[in-house]
file protein-v7.txt (compact mmCIF, C-alpha atoms)
# COMPACT_ATOMS: atom_id res chain seq x y z
CA MET K 1 87.03 -85.96 5.88
CA LYS K 2 83.43 -87.10 6.40
CA ASN K 3 83.05 -84.80 9.41
CA THR K 4 84.44 -81.87 7.40
CA THR K 5 81.91 -82.47 4.61
CA ILE K 6 79.02 -82.64 7.07
CA LEU K 7 80.18 -79.43 8.73
CA TYR K 8 80.42 -77.68 5.34
CA LEU K 9 76.89 -78.77 4.39
CA PHE K 10 75.60 -77.56 7.74
CA PHE K 11 77.02 -74.07 7.22
CA LEU K 12 75.70 -73.98 3.63
CA LEU K 13 72.20 -74.87 4.84
CA PHE K 14 72.41 -72.25 7.60
CA PHE K 15 73.38 -69.58 5.04
CA PHE K 16 70.38 -70.21 2.78
CA ILE K 17 67.95 -70.34 5.72
CA SER K 18 69.24 -67.09 7.20
CA CYS K 19 69.29 -65.25 3.83
CA PRO K 20 65.87 -65.81 2.23
CA PRO K 21 65.33 -64.53 -1.31
CA LYS K 22 63.66 -61.17 -1.78
CA THR K 23 59.94 -61.44 -2.48
CA SER K 24 59.08 -61.00 -6.15
CA SER K 25 56.26 -58.59 -5.30
CA GLN K 26 58.75 -55.83 -4.49
CA GLU K 27 60.22 -53.38 -6.96
CA VAL K 28 63.87 -53.84 -7.86
CA GLU K 29 66.01 -51.52 -5.73
CA ASP K 30 69.01 -51.38 -8.10
CA GLU K 31 68.35 -50.41 -11.70
CA ARG K 32 71.67 -51.52 -13.21
CA GLU K 33 70.07 -54.60 -14.74
CA PHE K 34 67.39 -52.71 -16.66
CA SER K 35 67.01 -49.40 -18.45
CA TYR K 36 64.32 -47.19 -19.96
CA ILE K 37 66.10 -46.83 -23.30
CA GLU K 38 63.89 -48.48 -25.91
CA GLY K 39 65.83 -50.65 -28.33
CA SER K 40 68.66 -51.33 -25.88
CA PRO K 41 69.39 -54.95 -24.81
CA ASN K 42 67.93 -54.29 -21.34
CA GLY K 43 65.24 -51.82 -22.44
CA PRO K 44 61.52 -52.07 -21.55
CA GLU K 45 60.67 -54.48 -24.37
CA HIS K 46 63.25 -56.94 -23.00
CA TRP K 47 62.60 -56.71 -19.23
CA GLY K 48 60.65 -59.97 -19.26
CA GLU K 49 63.60 -61.81 -20.82
CA LEU K 50 66.28 -60.69 -18.35
CA HIS K 51 65.25 -62.88 -15.39
CA GLU K 52 62.78 -65.71 -14.92
CA GLU K 53 61.14 -63.83 -12.04
CA TRP K 54 60.60 -60.84 -14.36
CA LYS K 55 58.66 -62.76 -17.03
CA ALA K 56 55.40 -60.95 -16.16
CA CYS K 57 56.96 -57.82 -17.71
CA GLY K 58 56.69 -59.51 -21.11
CA LYS K 59 53.89 -62.04 -20.72
CA GLY K 60 51.52 -60.48 -18.19
CA ASP K 61 48.05 -59.49 -19.39
CA MET K 62 47.37 -56.94 -16.63
CA GLN K 63 50.40 -54.68 -16.95
CA SER K 64 50.82 -50.99 -16.09
CA PRO K 65 50.84 -48.19 -17.06
CA ILE K 66 47.85 -47.77 -19.37
CA ASP K 67 46.04 -45.03 -21.26
CA LEU K 68 42.90 -44.10 -19.31
CA ILE K 69 40.54 -43.95 -22.30
CA HIS K 70 37.17 -42.47 -21.40
CA GLU K 71 35.38 -44.81 -23.82
CA ARG K 72 36.51 -47.70 -21.61
CA VAL K 73 35.57 -46.03 -18.32
CA ARG K 74 32.57 -47.04 -16.21
CA VAL K 75 31.34 -44.68 -13.50
CA VAL K 76 31.00 -46.52 -10.18
CA PRO K 77 29.65 -44.22 -7.42
CA THR K 78 29.84 -47.04 -4.87
CA LEU K 79 33.66 -46.93 -4.93
CA GLY K 80 33.39 -44.10 -2.42
CA ARG K 81 35.87 -41.43 -1.43
CA LEU K 82 39.54 -42.27 -0.93
CA LYS K 83 39.99 -43.09 2.74
CA ARG K 84 43.49 -41.94 3.62
CA SER K 85 44.71 -41.74 7.19
CA TYR K 86 48.33 -40.61 7.02
CA LYS K 87 50.61 -39.34 9.79
CA PRO K 88 54.17 -37.99 10.12
CA SER K 89 57.00 -40.51 10.35
CA ASN K 90 60.78 -40.70 9.93
CA ALA K 91 61.81 -41.09 6.32
CA THR K 92 64.81 -41.68 4.07
CA ILE K 93 65.44 -40.43 0.54
CA LYS K 94 66.93 -43.16 -1.64
CA ASN K 95 68.45 -42.81 -5.09
CA ARG K 96 67.61 -46.13 -6.73
CA GLY K 97 69.27 -45.07 -9.97
CA HIS K 98 66.04 -45.39 -11.93
CA ASP K 99 64.13 -43.02 -9.61
CA ILE K 100 64.19 -40.98 -6.42
CA MET K 101 62.22 -42.65 -3.62
CA LEU K 102 61.08 -41.35 -0.25
CA GLU K 103 60.67 -44.29 2.11
CA TRP K 104 58.88 -43.99 5.45
CA GLU K 105 60.56 -46.08 8.14
CA GLY K 106 57.80 -46.22 10.73
CA ASP K 107 54.02 -46.06 10.78
CA ALA K 108 53.08 -43.37 8.27
CA GLY K 109 49.40 -44.29 8.21
CA SER K 110 47.31 -46.12 5.67
CA LEU K 111 44.81 -46.21 2.83
CA TRP K 112 41.58 -48.21 2.96
CA ILE K 113 40.24 -49.95 -0.17
CA ASN K 114 37.24 -52.32 -0.16
CA GLY K 115 37.51 -52.73 3.59
CA SER K 116 41.22 -53.62 3.52
CA GLU K 117 43.98 -51.54 5.09
CA TYR K 118 47.09 -50.83 3.02
CA LEU K 119 50.02 -49.31 4.93
CA LEU K 120 51.89 -46.42 3.31
CA LYS K 121 55.46 -47.51 2.53
CA GLN K 122 57.02 -45.06 0.07
CA CYS K 123 56.54 -42.66 -2.78
CA HIS K 124 58.63 -42.09 -5.90
CA TRP K 125 58.51 -39.99 -9.06
CA HIS K 126 58.40 -40.70 -12.80
CA ALA K 127 59.12 -38.08 -15.46
CA PRO K 128 57.26 -37.86 -17.74
CA SER K 129 54.06 -39.42 -16.37
CA GLU K 130 53.63 -43.15 -16.94
CA HIS K 131 49.84 -43.13 -17.24
CA THR K 132 48.11 -41.05 -19.89
CA VAL K 133 44.53 -39.78 -20.10
CA ASN K 134 42.93 -40.05 -23.55
CA GLY K 135 46.43 -40.16 -24.99
CA LYS K 136 47.66 -37.09 -23.10
CA ARG K 137 50.90 -37.46 -21.15
CA PHE K 138 51.87 -35.16 -18.30
CA ALA K 139 55.22 -33.84 -17.07
CA LEU K 140 55.44 -35.86 -13.85
CA GLU K 141 53.71 -38.59 -11.87
CA VAL K 142 54.17 -39.50 -8.22
CA HIS K 143 53.34 -43.00 -7.00
CA MET K 144 52.35 -43.46 -3.36
CA VAL K 145 52.91 -47.15 -2.66
CA HIS K 146 50.91 -48.98 0.00
CA GLN K 147 51.04 -52.63 1.08
CA ARG K 148 48.66 -54.94 2.88
CA THR K 149 49.89 -57.35 5.54
CA ASP K 150 49.54 -60.20 3.01
CA GLY K 151 51.83 -58.40 0.55
CA LYS K 152 49.16 -57.07 -1.83
CA ILE K 153 49.98 -53.60 -3.18
CA ALA K 154 47.89 -50.49 -3.84
CA VAL K 155 49.32 -47.41 -5.56
CA VAL K 156 47.89 -43.90 -5.73
CA GLY K 157 49.13 -41.96 -8.76
CA ILE K 158 49.02 -38.16 -9.04
CA MET K 159 49.83 -36.31 -12.29
CA TYR K 160 51.62 -32.96 -12.58
CA LYS K 161 51.94 -30.36 -15.31
CA ILE K 162 54.54 -27.59 -15.43
CA GLY K 163 53.51 -24.59 -13.35
CA ARG K 164 53.85 -23.42 -9.77
CA PRO K 165 56.26 -25.41 -7.55
CA ASP K 166 54.80 -28.41 -5.74
CA SER K 167 54.86 -27.72 -1.99
CA PHE K 168 55.72 -31.30 -1.00
CA LEU K 169 58.66 -31.49 -3.40
CA LYS K 170 59.77 -28.08 -2.13
CA GLU K 171 60.16 -29.61 1.36
CA LEU K 172 62.53 -32.20 -0.10
CA GLU K 173 64.45 -30.16 -2.68
CA GLU K 174 67.51 -29.50 -0.53
CA ARG K 175 67.91 -33.17 0.41
CA ILE K 176 67.31 -34.44 -3.13
CA ASN K 177 69.98 -32.02 -4.30
CA GLU K 178 72.27 -33.39 -1.59
CA VAL K 179 71.73 -36.91 -2.92
CA GLU K 180 72.68 -35.72 -6.40
CA VAL K 181 75.78 -33.76 -5.33
CA THR K 182 77.19 -36.33 -2.89
CA ARG K 183 76.09 -39.37 -4.95
CA GLU K 184 74.98 -40.96 -1.70
CA ASP K 185 72.53 -43.83 -2.15
CA GLU K 186 70.37 -42.66 0.74
CA ILE K 187 70.00 -39.81 3.22
CA ASN K 188 67.86 -39.69 6.35
CA VAL K 189 65.55 -36.68 6.17
CA GLY K 190 63.86 -36.89 9.56
CA VAL K 191 60.11 -36.67 10.07
CA ILE K 192 58.10 -36.17 6.87
CA ASP K 193 54.32 -35.72 6.84
CA PRO K 194 52.69 -37.61 3.92
CA ARG K 195 49.56 -35.50 4.39
CA HIS K 196 51.51 -32.76 2.62
CA VAL K 197 51.14 -34.69 -0.64
CA LYS K 198 48.12 -32.85 -2.01
CA ILE K 199 45.46 -34.58 -4.07
CA GLY K 200 42.94 -31.78 -4.62
CA SER K 201 40.09 -33.88 -5.99
CA ARG K 202 37.73 -36.58 -4.80
CA LYS K 203 37.46 -37.98 -8.34
CA TYR K 204 39.67 -40.85 -9.40
CA TYR K 205 40.19 -43.76 -11.79
CA ARG K 206 40.56 -47.32 -10.49
CA TYR K 207 41.86 -50.41 -12.28
CA MET K 208 43.86 -53.58 -11.65
CA GLY K 209 47.40 -53.58 -12.98
CA SER K 210 51.02 -54.20 -12.06
CA LEU K 211 54.21 -52.64 -10.81
CA THR K 212 55.68 -50.48 -13.59
CA THR K 213 59.24 -51.65 -12.92
CA PRO K 214 60.63 -55.21 -12.74
CA PRO K 215 59.44 -57.69 -11.63
CA CYS K 216 56.18 -56.13 -12.95
CA THR K 217 54.14 -58.06 -10.38
CA GLN K 218 50.42 -58.12 -11.21
CA GLY K 219 47.47 -57.76 -8.86
CA VAL K 220 48.25 -54.13 -7.98
CA THR K 221 45.23 -51.92 -7.25
CA TRP K 222 45.76 -48.61 -9.05
CA THR K 223 44.07 -45.34 -8.13
CA ILE K 224 44.81 -42.38 -10.44
CA VAL K 225 43.61 -39.02 -9.14
CA ASN K 226 41.61 -37.04 -11.71
CA LYS K 227 43.03 -33.59 -10.90
CA THR K 228 46.37 -32.58 -12.41
CA ARG K 229 48.59 -30.67 -9.98
CA THR K 230 51.63 -28.51 -10.81
CA ALA K 231 55.40 -28.73 -10.33
CA SER K 232 58.05 -26.31 -11.55
CA LYS K 233 60.56 -26.89 -14.33
CA ALA K 234 63.33 -26.64 -11.72
CA GLN K 235 61.74 -29.42 -9.64
CA LEU K 236 61.41 -31.64 -12.69
CA LYS K 237 65.06 -30.99 -13.59
CA LEU K 238 66.16 -31.77 -10.03
CA LEU K 239 64.48 -35.19 -10.11
CA ARG K 240 65.92 -36.00 -13.55
CA ASP K 241 69.46 -34.84 -12.76
CA ALA K 242 69.61 -36.97 -9.61
CA VAL K 243 69.05 -40.31 -11.38
CA HIS K 244 71.29 -42.19 -13.80
CA ASP K 245 71.55 -41.05 -17.42
CA ASP K 246 69.49 -43.94 -18.81
CA ALA K 247 66.59 -43.12 -16.47
CA LYS K 248 66.15 -39.39 -17.05
CA ASN K 249 62.92 -40.32 -18.83
CA ASN K 250 61.85 -43.06 -16.44
CA ALA K 251 58.39 -43.81 -17.79
CA ARG K 252 57.59 -47.33 -18.92
CA PRO K 253 55.81 -47.48 -22.31
CA LEU K 254 52.03 -47.89 -22.23
CA GLN K 255 50.74 -51.45 -21.89
CA ALA K 256 47.70 -53.09 -23.48
CA ILE K 257 44.45 -52.62 -21.56
CA ASN K 258 43.12 -55.95 -22.86
CA GLU K 259 39.78 -56.79 -21.24
CA ARG K 260 40.31 -54.80 -18.08
CA GLU K 261 37.66 -52.49 -16.71
CA ILE K 262 38.54 -48.91 -15.80
CA LYS K 263 36.30 -47.55 -13.07
CA PHE K 264 35.74 -43.89 -12.26
CA TYR K 265 34.51 -42.40 -9.01
CA THR K 266 32.86 -39.00 -8.75
CA PRO K 267 30.67 -37.77 -5.87
CA ARG K 268 27.97 -36.55 -8.27
CA TYR K 269 27.79 -37.84 -11.82
CA PHE K 270 27.40 -35.27 -14.60
CA GLY K 271 29.54 -37.19 -17.08
CA ILE K 272 33.28 -37.81 -16.97
CA HIS K 273 35.11 -34.52 -16.75
CA LYS K 274 38.30 -33.61 -18.52
CA HIS K 275 41.49 -34.40 -16.63
CA TYR K 276 42.54 -30.86 -15.76
call {"tool": "encode", "arguments": {"input": "protein-v7.txt", "output": "structure tokens"}}
result
Amino acid sequence: MKNTTILYLFFLLFFFISCPPKTSSQEVEDEREFSYIEGSPNGPEHWGELHEEWKACGKGDMQSPIDLIHERVRVVPTLGRLKRSYKPSNATIKNRGHDIMLEWEGDAGSLWINGSEYLLKQCHWHAPSEHTVNGKRFALEVHMVHQRTDGKIAVVGIMYKIGRPDSFLKELEERINEVEVTREDEINVGVIDPRHVKIGSRKYYRYMGSLTTPPCTQGVTWTIVNKTRTASKAQLKLLRDAVHDDAKNNARPLQAINEREIKFYTPRYFGIHKHY
């Protein structure tokens, strides 16, 4: 009996060692435990109460998204241009229920911020936009998520208004539609070039915030591009139809700015221009 107990404890120990918990800095892959429906038991105002490791969603003082209010913005020319060095790599489209994500599997290049390299990991879409500019919300926002070797995260956000189709989304339309029709969780899409995600402006906002989905980890470096690009109504509908019903409007409510500084980079300063 004693030997049996020892053997059981050995296997139990082996199981926990070989299956480490998922790091809390990563976004939740499965949305079933939270929703975007305000007022529901698992809606945004309750995310911080659902799990101990999600408490930053309710108690954090550097949460995202925020309203980029020009009165709070400080122009910092020394921020410099965005240093992106992307390259084509194999990718997979994943339906996480709360959003559609494109995840690069290999080396898709990197982004440099303050002398640190952040490797490009994935991008995903929120409709409507999560961030606002002087109270104005846009139709869509893509987040390009990068991670440093120590786990720190940097996200580049690009806003879209309704207009001409977005060329990068056009590359993916057929496969996103396939995800919706087949209800597959993920589909390999081959080599995708992240350089096809167009920015169109050297001007950007910079602030420190958090992930916008649980566990709402803080310490995320946010870069929001000043120029608003366009996507078609059909592309917006495609992204919304592919996700679960309670995530068709998958934008987290705005969070308090508190004492945070919002920086703005422009090559030549003639005042802060309208987000156009």
call {"tool": "residues_around", "arguments": {"input": "protein-v7.txt", "residues": "stretch 89-96 of chain K", "least_positions_apart": "3", "cutoff": "12 Å", "atoms": "all atoms listed in the file", "output": "PyMOL selection string"}}
result
chain K and resi 27-34+86+99-109+120-125+169+172-195+213+239-244+247+250
call {"tool": "closest_residue", "arguments": {"input": "protein-v7.txt", "among": "K:Met62, K:Ile257, K:Ile153, K:Ala127", "to": "K:Val220", "atoms": "only C-alpha atoms"}}
result
K:Ile153
call {"tool": "residues_around", "arguments": {"input": "protein-v7.txt", "residues": "K:Leu50", "least_positions_apart": "2", "cutoff": "12 Å", "atoms": "all atoms listed in the file", "output": "JSON, numbers by chain"}}
result
{"K": [32, 33, 34, 35, 41, 42, 43, 44, 45, 46, 47, 48, 52, 53, 54, 55, 56, 57, 58, 214, 215]}
call {"tool": "atom_distance", "arguments": {"input": "protein-v7.txt", "atom1": "atom CA of K:Arg202", "atom2": "atom CA of K:Arg164"}}
result
21.4 Å
call {"tool": "residues_around", "arguments": {"input": "protein-v7.txt", "residues": "K:Ser201", "least_positions_apart": "5", "cutoff": "12 Å", "atoms": "all atoms listed in the file", "output": "VMD selection string"}}
result
chain K and resid 81 to 82 158 to 159 224 to 229 265 to 267 273 275 to 276
call {"tool": "atom_distance", "arguments": {"input": "protein-v7.txt", "atom1": "atom CA of K:Leu254", "atom2": "atom CA of K:Asp67"}}
result
6.7 Å
call {"tool": "residues_around", "arguments": {"input": "protein-v7.txt", "residues": "K:Thr132", "least_positions_apart": "4", "cutoff": "8 Å", "atoms": "all atoms listed in the file", "output": "list in words"}}
result
Ile66, Asp67, Leu68, Lys136, Arg137 and Phe138 of chain K
call {"tool": "closest_residue", "arguments": {"input": "protein-v7.txt", "among": "K:Ile69, K:Leu111, K:Leu238, K:Ile162", "to": "K:Thr223", "atoms": "all atoms listed in the file"}}
result
K:Leu111
call {"tool": "atom_distance", "arguments": {"input": "protein-v7.txt", "atom1": "atom CA of K:Gly60", "atom2": "atom CA of K:Arg252"}}
result
14.5 Å
call {"tool": "decode", "arguments": {"input": "protein-v7.txt", "residues": "stretch 75-118 of chain K", "atoms": "N, CA and C atoms", "output": "tab-separated table (two decimals), in the first residue's frame"}}
result
chain	number	residue	atom	x	y	z
K	75	VAL	N	3.82	66.25	-27.32
K	75	VAL	CA	4.62	65.94	-28.51
K	75	VAL	C	6.05	65.62	-28.09
K	76	VAL	N	6.54	64.45	-28.53
K	76	VAL	CA	7.89	64.01	-28.17
K	76	VAL	C	8.62	63.60	-29.46
K	77	PRO	N	9.31	64.55	-30.11
K	77	PRO	CA	10.00	64.24	-31.37
K	77	PRO	C	11.06	63.17	-31.23
K	78	THR	N	11.62	63.01	-30.03
K	78	THR	CA	12.70	62.04	-29.84
K	78	THR	C	12.22	60.59	-29.86
K	79	LEU	N	10.90	60.38	-29.89
K	79	LEU	CA	10.40	59.00	-30.00
K	79	LEU	C	10.90	58.35	-31.28
K	80	GLY	N	11.02	59.13	-32.33
K	80	GLY	CA	11.53	58.62	-33.60
K	80	GLY	C	10.51	57.82	-34.39
K	81	ARG	N	10.85	57.52	-35.63
K	81	ARG	CA	9.97	56.76	-36.50
K	81	ARG	C	9.83	55.32	-36.02
K	82	LEU	N	8.69	54.71	-36.35
K	82	LEU	CA	8.49	53.30	-36.02
K	82	LEU	C	9.49	52.47	-36.81
K	83	LYS	N	10.24	51.66	-36.11
K	83	LYS	CA	11.23	50.81	-36.78
K	83	LYS	C	10.69	49.39	-36.89
K	84	ARG	N	10.06	49.12	-38.02
K	84	ARG	CA	9.49	47.79	-38.27
K	84	ARG	C	10.35	47.06	-39.29
K	85	SER	N	10.61	45.81	-39.01
K	85	SER	CA	11.40	44.99	-39.93
K	85	SER	C	10.70	43.64	-40.06
K	86	TYR	N	9.61	43.62	-40.84
K	86	TYR	CA	8.80	42.41	-40.98
K	86	TYR	C	9.25	41.58	-42.18
K	87	LYS	N	8.86	40.31	-42.18
K	87	LYS	CA	9.15	39.43	-43.32
K	87	LYS	C	8.10	38.33	-43.40
K	88	PRO	N	7.91	37.75	-44.59
K	88	PRO	CA	6.89	36.71	-44.77
K	88	PRO	C	7.17	35.48	-43.92
K	89	SER	N	6.10	34.85	-43.44
K	89	SER	CA	6.23	33.64	-42.63
K	89	SER	C	4.92	32.87	-42.68
K	90	ASN	N	4.99	31.56	-42.43
K	90	ASN	CA	3.78	30.74	-42.37
K	90	ASN	C	2.86	31.25	-41.27
K	91	ALA	N	1.57	31.16	-41.52
K	91	ALA	CA	0.60	31.69	-40.56
K	91	ALA	C	-0.65	30.83	-40.49
K	92	THR	N	-1.38	31.00	-39.41
K	92	THR	CA	-2.63	30.28	-39.17
K	92	THR	C	-3.71	31.27	-38.77
K	93	ILE	N	-4.90	31.13	-39.33
K	93	ILE	CA	-6.04	31.92	-38.89
K	93	ILE	C	-6.76	31.14	-37.80
K	94	LYS	N	-6.99	31.80	-36.67
K	94	LYS	CA	-7.67	31.16	-35.54
K	94	LYS	C	-8.93	31.93	-35.18
K	95	ASN	N	-10.01	31.21	-34.99
K	95	ASN	CA	-11.24	31.81	-34.48
K	95	ASN	C	-11.26	31.58	-32.98
K	96	ARG	N	-10.96	32.64	-32.22
K	96	ARG	CA	-10.92	32.51	-30.77
K	96	ARG	C	-12.28	32.77	-30.13
K	97	GLY	N	-13.31	32.86	-30.97
K	97	GLY	CA	-14.64	33.12	-30.45
K	97	GLY	C	-14.90	34.59	-30.23
K	98	HIS	N	-13.97	35.26	-29.53
K	98	HIS	CA	-14.13	36.70	-29.29
K	98	HIS	C	-13.47	37.54	-30.37
K	99	ASP	N	-12.66	36.91	-31.23
K	99	ASP	CA	-12.05	37.63	-32.35
K	99	ASP	C	-11.46	36.65	-33.36
K	100	ILE	N	-11.08	37.20	-34.52
K	100	ILE	CA	-10.35	36.44	-35.52
K	100	ILE	C	-8.89	36.85	-35.41
K	101	MET	N	-8.00	35.87	-35.26
K	101	MET	CA	-6.58	36.15	-35.09
K	101	MET	C	-5.78	35.49	-36.20
K	102	LEU	N	-4.79	36.21	-36.70
K	102	LEU	CA	-3.81	35.65	-37.63
K	102	LEU	C	-2.51	35.50	-36.86
K	103	GLU	N	-2.05	34.28	-36.70
K	103	GLU	CA	-0.86	34.01	-35.90
K	103	GLU	C	0.27	33.52	-36.80
K	104	TRP	N	1.41	34.22	-36.73
K	104	TRP	CA	2.58	33.80	-37.49
K	104	TRP	C	3.33	32.73	-36.71
K	105	GLU	N	3.69	31.65	-37.40
K	105	GLU	CA	4.29	30.49	-36.72
K	105	GLU	C	5.80	30.57	-36.64
K	106	GLY	N	6.42	31.25	-37.58
K	106	GLY	CA	7.88	31.34	-37.58
K	106	GLY	C	8.34	32.76	-37.31
K	107	ASP	N	9.49	33.11	-37.86
K	107	ASP	CA	10.06	34.44	-37.67
K	107	ASP	C	9.44	35.39	-38.68
K	108	ALA	N	8.54	36.23	-38.20
K	108	ALA	CA	7.86	37.20	-39.08
K	108	ALA	C	8.44	38.60	-38.92
K	109	GLY	N	9.60	38.70	-38.30
K	109	GLY	CA	10.24	39.99	-38.13
K	109	GLY	C	9.92	40.63	-36.80
K	110	SER	N	10.24	41.92	-36.69
K	110	SER	CA	10.15	42.55	-35.38
K	110	SER	C	9.91	44.06	-35.47
K	111	LEU	N	9.69	44.62	-34.29
K	111	LEU	CA	9.50	46.05	-34.08
K	111	LEU	C	10.50	46.47	-33.01
K	112	TRP	N	11.15	47.62	-33.21
K	112	TRP	CA	12.12	48.10	-32.24
K	112	TRP	C	11.56	49.32	-31.51
K	113	ILE	N	11.57	49.27	-30.17
K	113	ILE	CA	11.11	50.38	-29.34
K	113	ILE	C	12.13	50.62	-28.23
K	114	ASN	N	12.63	51.84	-28.15
K	114	ASN	CA	13.61	52.22	-27.11
K	114	ASN	C	14.78	51.25	-27.05
K	115	GLY	N	15.25	50.81	-28.21
K	115	GLY	CA	16.40	49.93	-28.28
K	115	GLY	C	16.11	48.47	-28.00
K	116	SER	N	14.85	48.12	-27.78
K	116	SER	CA	14.47	46.73	-27.52
K	116	SER	C	13.74	46.14	-28.72
K	117	GLU	N	14.02	44.88	-29.00
K	117	GLU	CA	13.38	44.19	-30.12
K	117	GLU	C	12.16	43.41	-29.63
K	118	TYR	N	11.04	43.64	-30.28
K	118	TYR	CA	9.80	42.92	-29.99
K	118	TYR	C	9.43	42.11	-31.23
